[in-house]
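For reference, model_10.txt is printed below; it contains compact mmCIF, N, CA and C atoms.
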# COMPACT_ATOMS: atom_id res chain seq x y z
N MET A 1 203.78 22.28 118.83
CA MET A 1 203.62 20.86 118.73
C MET A 1 202.92 20.57 117.41
N TYR A 2 203.32 19.50 116.73
CA TYR A 2 202.73 19.11 115.47
C TYR A 2 201.84 17.91 115.67
N ASP A 3 200.71 17.91 114.99
CA ASP A 3 199.76 16.81 115.08
C ASP A 3 199.67 16.18 113.70
N LEU A 4 200.12 14.95 113.55
CA LEU A 4 200.03 14.25 112.29
C LEU A 4 198.79 13.36 112.32
N THR A 5 197.82 13.66 111.49
CA THR A 5 196.61 12.86 111.43
C THR A 5 196.41 12.39 110.00
N PRO A 6 195.92 11.17 109.83
CA PRO A 6 195.67 10.71 108.46
C PRO A 6 194.66 11.62 107.77
N PHE A 7 195.00 12.05 106.58
CA PHE A 7 194.14 12.98 105.86
C PHE A 7 193.38 12.26 104.76
N CYS A 8 194.01 11.38 104.06
CA CYS A 8 193.38 10.74 102.91
C CYS A 8 194.02 9.37 102.71
N PHE A 9 193.23 8.38 102.41
CA PHE A 9 193.76 7.06 102.11
C PHE A 9 193.43 6.74 100.67
N SER A 10 194.44 6.55 99.86
CA SER A 10 194.21 6.18 98.46
C SER A 10 195.16 5.05 98.11
N GLY A 11 194.61 3.86 97.95
CA GLY A 11 195.43 2.70 97.64
C GLY A 11 196.34 2.37 98.80
N MET A 12 197.65 2.30 98.53
CA MET A 12 198.61 1.97 99.58
C MET A 12 199.29 3.22 100.13
N MET A 13 198.88 4.38 99.65
CA MET A 13 199.55 5.60 100.08
C MET A 13 198.64 6.37 101.05
N VAL A 14 199.18 6.72 102.18
CA VAL A 14 198.44 7.52 103.16
C VAL A 14 199.09 8.90 103.22
N GLU A 15 198.28 9.92 103.01
CA GLU A 15 198.77 11.29 103.11
C GLU A 15 198.47 11.79 104.51
N TYR A 16 199.36 12.59 105.04
CA TYR A 16 199.17 13.14 106.38
C TYR A 16 198.99 14.64 106.30
N HIS A 17 198.11 15.12 107.11
CA HIS A 17 197.85 16.54 107.23
C HIS A 17 198.57 17.02 108.47
N VAL A 18 199.49 17.96 108.31
CA VAL A 18 200.25 18.47 109.43
C VAL A 18 199.53 19.71 109.96
N GLN A 19 199.19 19.66 111.22
CA GLN A 19 198.50 20.78 111.84
C GLN A 19 199.35 21.32 112.98
N LEU A 20 199.62 22.60 112.92
CA LEU A 20 200.39 23.25 113.97
C LEU A 20 199.43 23.67 115.06
N THR A 21 199.65 23.17 116.26
CA THR A 21 198.78 23.54 117.37
C THR A 21 199.54 24.51 118.27
N LEU A 22 198.92 25.65 118.50
CA LEU A 22 199.54 26.68 119.32
C LEU A 22 198.81 26.78 120.64
N GLY A 23 199.53 27.10 121.68
CA GLY A 23 198.93 27.35 122.98
C GLY A 23 198.30 28.74 122.99
N GLU A 24 197.52 29.03 124.00
CA GLU A 24 196.84 30.33 124.08
C GLU A 24 197.83 31.50 124.16
N GLY A 25 198.90 31.33 124.90
CA GLY A 25 199.90 32.40 125.00
C GLY A 25 200.56 32.68 123.65
N GLU A 26 200.84 31.62 122.90
CA GLU A 26 201.45 31.79 121.59
C GLU A 26 200.48 32.45 120.62
N LYS A 27 199.20 32.11 120.70
CA LYS A 27 198.20 32.73 119.84
C LYS A 27 198.09 34.23 120.13
N GLN A 28 198.07 34.59 121.41
CA GLN A 28 197.99 35.99 121.78
C GLN A 28 199.22 36.75 121.29
N TYR A 29 200.39 36.14 121.39
CA TYR A 29 201.62 36.76 120.92
C TYR A 29 201.54 36.99 119.41
N MET A 30 201.07 35.99 118.67
CA MET A 30 200.94 36.11 117.21
C MET A 30 199.93 37.20 116.84
N LYS A 31 198.81 37.24 117.56
CA LYS A 31 197.79 38.27 117.29
C LYS A 31 198.38 39.66 117.47
N ARG A 32 199.04 39.88 118.60
CA ARG A 32 199.60 41.20 118.90
C ARG A 32 200.70 41.57 117.91
N THR A 33 201.49 40.59 117.49
CA THR A 33 202.56 40.85 116.53
C THR A 33 201.99 41.26 115.18
N LEU A 34 200.89 40.62 114.76
CA LEU A 34 200.27 40.97 113.49
C LEU A 34 199.49 42.28 113.57
N GLN A 35 198.97 42.60 114.75
CA GLN A 35 198.18 43.82 114.89
C GLN A 35 199.05 45.07 115.07
N ALA A 36 200.28 44.91 115.52
CA ALA A 36 201.15 46.07 115.77
C ALA A 36 201.36 46.95 114.52
N PRO A 37 201.69 46.38 113.35
CA PRO A 37 201.86 47.25 112.18
C PRO A 37 200.56 47.95 111.76
N ILE A 38 199.43 47.30 112.02
CA ILE A 38 198.14 47.91 111.68
C ILE A 38 197.89 49.12 112.58
N HIS A 39 198.19 48.97 113.87
CA HIS A 39 198.05 50.10 114.80
C HIS A 39 198.98 51.24 114.40
N PHE A 40 200.20 50.91 113.99
CA PHE A 40 201.16 51.93 113.54
C PHE A 40 200.59 52.66 112.32
N TYR A 41 200.06 51.92 111.36
CA TYR A 41 199.47 52.52 110.16
C TYR A 41 198.33 53.47 110.54
N ARG A 42 197.45 53.01 111.42
CA ARG A 42 196.29 53.83 111.80
C ARG A 42 196.70 55.11 112.53
N LYS A 43 197.76 55.05 113.31
CA LYS A 43 198.17 56.20 114.11
C LYS A 43 199.03 57.20 113.33
N PHE A 44 199.92 56.70 112.49
CA PHE A 44 200.90 57.59 111.87
C PHE A 44 200.73 57.80 110.36
N ILE A 45 200.26 56.81 109.63
CA ILE A 45 200.18 56.94 108.17
C ILE A 45 198.78 57.35 107.71
N SER A 46 197.77 56.73 108.26
CA SER A 46 196.40 57.02 107.83
C SER A 46 196.00 58.49 107.99
N PRO A 47 196.40 59.19 109.06
CA PRO A 47 196.02 60.61 109.18
C PRO A 47 196.62 61.49 108.08
N LEU A 48 197.67 61.04 107.42
CA LEU A 48 198.30 61.84 106.37
C LEU A 48 197.56 61.73 105.03
N LYS A 49 196.67 60.74 104.92
CA LYS A 49 195.95 60.50 103.67
C LYS A 49 194.51 60.99 103.79
N PRO A 50 193.92 61.41 102.68
CA PRO A 50 192.50 61.78 102.74
C PRO A 50 191.64 60.53 102.92
N PRO A 51 190.48 60.65 103.56
CA PRO A 51 189.61 59.49 103.75
C PRO A 51 188.96 59.05 102.44
N THR A 52 189.40 57.95 101.88
CA THR A 52 188.89 57.47 100.60
C THR A 52 188.42 56.02 100.65
N CYS A 53 188.21 55.49 101.83
CA CYS A 53 187.83 54.08 101.95
C CYS A 53 186.44 53.85 101.39
N ARG A 54 186.31 52.80 100.61
CA ARG A 54 185.02 52.48 100.00
C ARG A 54 184.23 51.46 100.81
N PHE A 55 184.81 50.98 101.89
CA PHE A 55 184.16 49.97 102.73
C PHE A 55 183.87 50.52 104.12
N TYR A 56 182.91 49.90 104.78
CA TYR A 56 182.69 50.11 106.21
C TYR A 56 182.65 48.74 106.85
N PRO A 57 183.41 48.48 107.87
CA PRO A 57 184.46 49.29 108.47
C PRO A 57 185.68 49.37 107.55
N THR A 58 186.58 50.28 107.87
CA THR A 58 187.77 50.46 107.04
C THR A 58 188.58 49.17 107.03
N CYS A 59 189.45 49.04 106.06
CA CYS A 59 190.25 47.82 105.93
C CYS A 59 191.12 47.57 107.16
N SER A 60 191.67 48.63 107.74
CA SER A 60 192.51 48.44 108.92
C SER A 60 191.68 47.98 110.12
N GLN A 61 190.49 48.54 110.29
CA GLN A 61 189.62 48.09 111.37
C GLN A 61 189.16 46.65 111.13
N TYR A 62 188.86 46.32 109.88
CA TYR A 62 188.46 44.97 109.51
C TYR A 62 189.58 43.98 109.85
N ALA A 63 190.82 44.36 109.52
CA ALA A 63 191.96 43.48 109.78
C ALA A 63 192.15 43.25 111.28
N LEU A 64 192.06 44.30 112.07
CA LEU A 64 192.19 44.15 113.53
C LEU A 64 191.12 43.22 114.08
N GLU A 65 189.89 43.42 113.63
CA GLU A 65 188.78 42.60 114.11
C GLU A 65 188.89 41.15 113.62
N ALA A 66 189.28 40.96 112.37
CA ALA A 66 189.41 39.60 111.82
C ALA A 66 190.48 38.80 112.57
N ILE A 67 191.60 39.44 112.87
CA ILE A 67 192.67 38.75 113.60
C ILE A 67 192.22 38.44 115.02
N GLU A 68 191.48 39.35 115.63
CA GLU A 68 191.00 39.13 116.99
C GLU A 68 189.95 38.01 117.05
N VAL A 69 189.04 37.98 116.09
CA VAL A 69 187.94 37.00 116.10
C VAL A 69 188.40 35.62 115.62
N HIS A 70 189.14 35.59 114.51
CA HIS A 70 189.47 34.32 113.86
C HIS A 70 190.88 33.83 114.13
N GLY A 71 191.69 34.60 114.83
CA GLY A 71 193.05 34.17 115.09
C GLY A 71 194.01 34.68 114.02
N PRO A 72 195.30 34.43 114.22
CA PRO A 72 196.31 35.02 113.34
C PRO A 72 196.28 34.52 111.90
N LEU A 73 196.05 33.22 111.69
CA LEU A 73 196.12 32.69 110.33
C LEU A 73 194.89 33.05 109.50
N LYS A 74 193.72 32.65 109.97
CA LYS A 74 192.51 32.92 109.21
C LYS A 74 192.22 34.42 109.18
N GLY A 75 192.50 35.13 110.26
CA GLY A 75 192.29 36.57 110.28
C GLY A 75 193.15 37.29 109.26
N SER A 76 194.40 36.85 109.12
CA SER A 76 195.28 37.45 108.10
C SER A 76 194.77 37.15 106.70
N TRP A 77 194.29 35.93 106.49
CA TRP A 77 193.75 35.54 105.19
C TRP A 77 192.52 36.40 104.84
N LEU A 78 191.60 36.56 105.80
CA LEU A 78 190.42 37.39 105.56
C LEU A 78 190.81 38.84 105.28
N SER A 79 191.82 39.33 105.98
CA SER A 79 192.28 40.71 105.78
C SER A 79 192.85 40.89 104.38
N MET A 80 193.64 39.93 103.93
CA MET A 80 194.23 40.02 102.59
C MET A 80 193.15 39.96 101.51
N LYS A 81 192.14 39.11 101.72
CA LYS A 81 191.04 39.06 100.76
C LYS A 81 190.33 40.41 100.69
N ARG A 82 190.13 41.02 101.84
CA ARG A 82 189.44 42.32 101.89
C ARG A 82 190.26 43.40 101.19
N ILE A 83 191.57 43.43 101.44
CA ILE A 83 192.43 44.43 100.81
C ILE A 83 192.47 44.25 99.29
N CYS A 84 192.40 43.01 98.84
CA CYS A 84 192.38 42.76 97.39
C CYS A 84 191.09 43.25 96.74
N LYS A 85 190.03 43.42 97.51
CA LYS A 85 188.77 43.95 96.97
C LYS A 85 188.82 45.47 96.83
N CYS A 86 189.80 46.10 97.41
CA CYS A 86 189.86 47.56 97.44
C CYS A 86 190.47 48.07 96.13
N HIS A 87 189.60 48.27 95.14
CA HIS A 87 190.02 48.81 93.86
C HIS A 87 188.83 49.55 93.24
N PRO A 88 189.06 50.36 92.24
CA PRO A 88 187.99 51.20 91.69
C PRO A 88 186.82 50.43 91.08
N PHE A 89 187.01 49.16 90.74
CA PHE A 89 185.94 48.40 90.08
C PHE A 89 185.05 47.65 91.05
N HIS A 90 185.35 47.71 92.33
CA HIS A 90 184.50 47.07 93.36
C HIS A 90 183.62 48.14 93.98
N PRO A 91 182.32 47.87 94.15
CA PRO A 91 181.43 48.91 94.66
C PRO A 91 181.64 49.27 96.13
N GLY A 92 182.27 48.39 96.90
CA GLY A 92 182.47 48.69 98.32
C GLY A 92 181.20 48.43 99.10
N GLY A 93 181.00 49.18 100.18
CA GLY A 93 179.80 49.03 101.00
C GLY A 93 180.12 48.47 102.37
N ILE A 94 179.09 47.94 103.00
CA ILE A 94 179.24 47.37 104.34
C ILE A 94 179.75 45.95 104.21
N ASP A 95 180.84 45.64 104.88
CA ASP A 95 181.45 44.30 104.81
C ASP A 95 182.01 43.99 106.19
N HIS A 96 181.20 43.36 107.01
CA HIS A 96 181.63 43.01 108.36
C HIS A 96 182.43 41.71 108.37
N VAL A 97 183.22 41.51 109.40
CA VAL A 97 183.97 40.27 109.59
C VAL A 97 182.95 39.16 109.85
N PRO A 98 183.06 38.03 109.13
CA PRO A 98 182.11 36.95 109.38
C PRO A 98 182.30 36.40 110.80
N PRO A 99 181.22 35.96 111.43
CA PRO A 99 181.36 35.42 112.79
C PRO A 99 182.13 34.11 112.77
N ARG A 100 182.74 33.82 113.88
CA ARG A 100 183.50 32.58 114.00
C ARG A 100 182.54 31.40 114.06
N ALA A 101 182.80 30.39 113.25
CA ALA A 101 181.96 29.20 113.22
C ALA A 101 182.25 28.35 114.45
N GLU A 102 181.20 27.92 115.10
CA GLU A 102 181.36 27.07 116.27
C GLU A 102 181.71 25.66 115.82
N LYS A 103 182.68 25.06 116.48
CA LYS A 103 183.06 23.69 116.16
C LYS A 103 182.03 22.74 116.77
N LEU A 104 181.58 21.79 115.96
CA LEU A 104 180.65 20.81 116.45
C LEU A 104 181.38 19.68 117.13
N ILE A 105 180.93 19.32 118.30
CA ILE A 105 181.55 18.22 119.05
C ILE A 105 180.56 17.06 119.01
N HIS A 106 180.99 15.98 118.42
CA HIS A 106 180.15 14.80 118.34
C HIS A 106 180.39 13.93 119.56
N ASN A 107 179.38 13.72 120.32
CA ASN A 107 179.48 12.91 121.53
C ASN A 107 178.57 11.71 121.36
N ASP A 108 179.15 10.61 120.88
CA ASP A 108 178.37 9.40 120.65
C ASP A 108 178.29 8.60 121.92
N GLN A 109 177.14 8.64 122.56
CA GLN A 109 176.91 7.87 123.76
C GLN A 109 175.70 6.98 123.53
N SER A 110 175.94 5.71 123.51
CA SER A 110 174.83 4.76 123.32
C SER A 110 174.29 4.39 124.68
N ALA A 111 172.97 4.46 124.80
CA ALA A 111 172.34 4.15 126.08
C ALA A 111 171.86 2.74 126.13
Is it possible to give me this structure as structure tokens?
Amino acid sequence: MYDLTPFCFSGMMVEYHVQLTLGEGEKQYMKRTLQAPIHFYRKFISPLKPPTCRFYPTCSQYALEAIEVHGPLKGSWLSMKRICKCHPFHPGGIDHVPPRAEKLIHNDQSA
């Protein structure tokens, strides 16, 4: 389902922000679909390579956790950012998945 909400009003032109809303079942399906290749990599490809990861947790573990905590879209984005840091000029170190930000619910009740 698509949710069209006014995003910005400038003069006579109104821009709309299109937000895709997924149900819980669809989110779980997307998470599992994105995590499947990572599990395959960890089981079959990673054991063939020497351990050279400069981060803790490893990028594959980070990706699994990011997708689980933040969902398929933001989790994939965080994973890609982490993989882009994996190069000889980055010092590496401990880099945990950031916690999920709680959404603030404004409940205006005048007494």
**Report entry** Neighbour residues at most 6.5 Å from (190.1, 43.8, 105.1) (only N, CA and C atoms) as a PyMOL selection string
**Finding:** chain A and resi 58-60+62-63+78-83
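Across A:Ala101, A:Cys86, A:Glu26, A:Phe44, the tightest approach to A:Tyr56 is made by A:Cys86 when counting only C-alpha atoms.
Using only C-alpha atoms, the smallest distance between any of A:Pro51, A:Leu34, A:Gln61, A:Gly23 and A:Ser76 comes from A:Leu34.
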Between atom CA of A:Arg32 and atom CA of A:Cys84 lies a distance of 22.7 Å
request  = Find the residues around stretch 27-31 of chain A up to 9 Å (only C-alpha atoms counted), leave out those fewer than 5 positions away in its own chain, and share them as a PyMOL selection string.
outcome  = chain A and resi 22+36+64+67-68+71-72
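From atom C of A:Lys43 back to atom N of A:Gly25, the distance works out to 28.3 Å.
Counting from atom CA of A:Gly92, the distance to atom CA of A:Arg54 is 4.9 Å.
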Hey, what's within 10 Å of A:Pro99 if we count only C-alpha atoms and toss same-chain stuff fewer than 2 positions away? As number ranges by chain, please? A: 66, 69-70, 96-97, 101-102
Edge lengths and centre in Å to one decimal, as JSON, of the axis-aligned box that encloses all listed atoms of stretch 84-100 of chain A with 8 Å added on every side?
{"center_x": 185.7, "center_y": 41.3, "center_z": 102.1, "size_x": 29.3, "size_y": 35.8, "size_z": 40.0}
Just list as a list in words whatever in stretch 40-97 of chain A DSSP marks as strand (DSSP E).
Phe55, Tyr56, Gly93 and Ile94 of chain A
Judged by all atoms listed in the file, the minimum distance to A:Ile94 among A:Glu24, A:Arg42, A:Pro37, A:Phe55 is found for A:Phe55
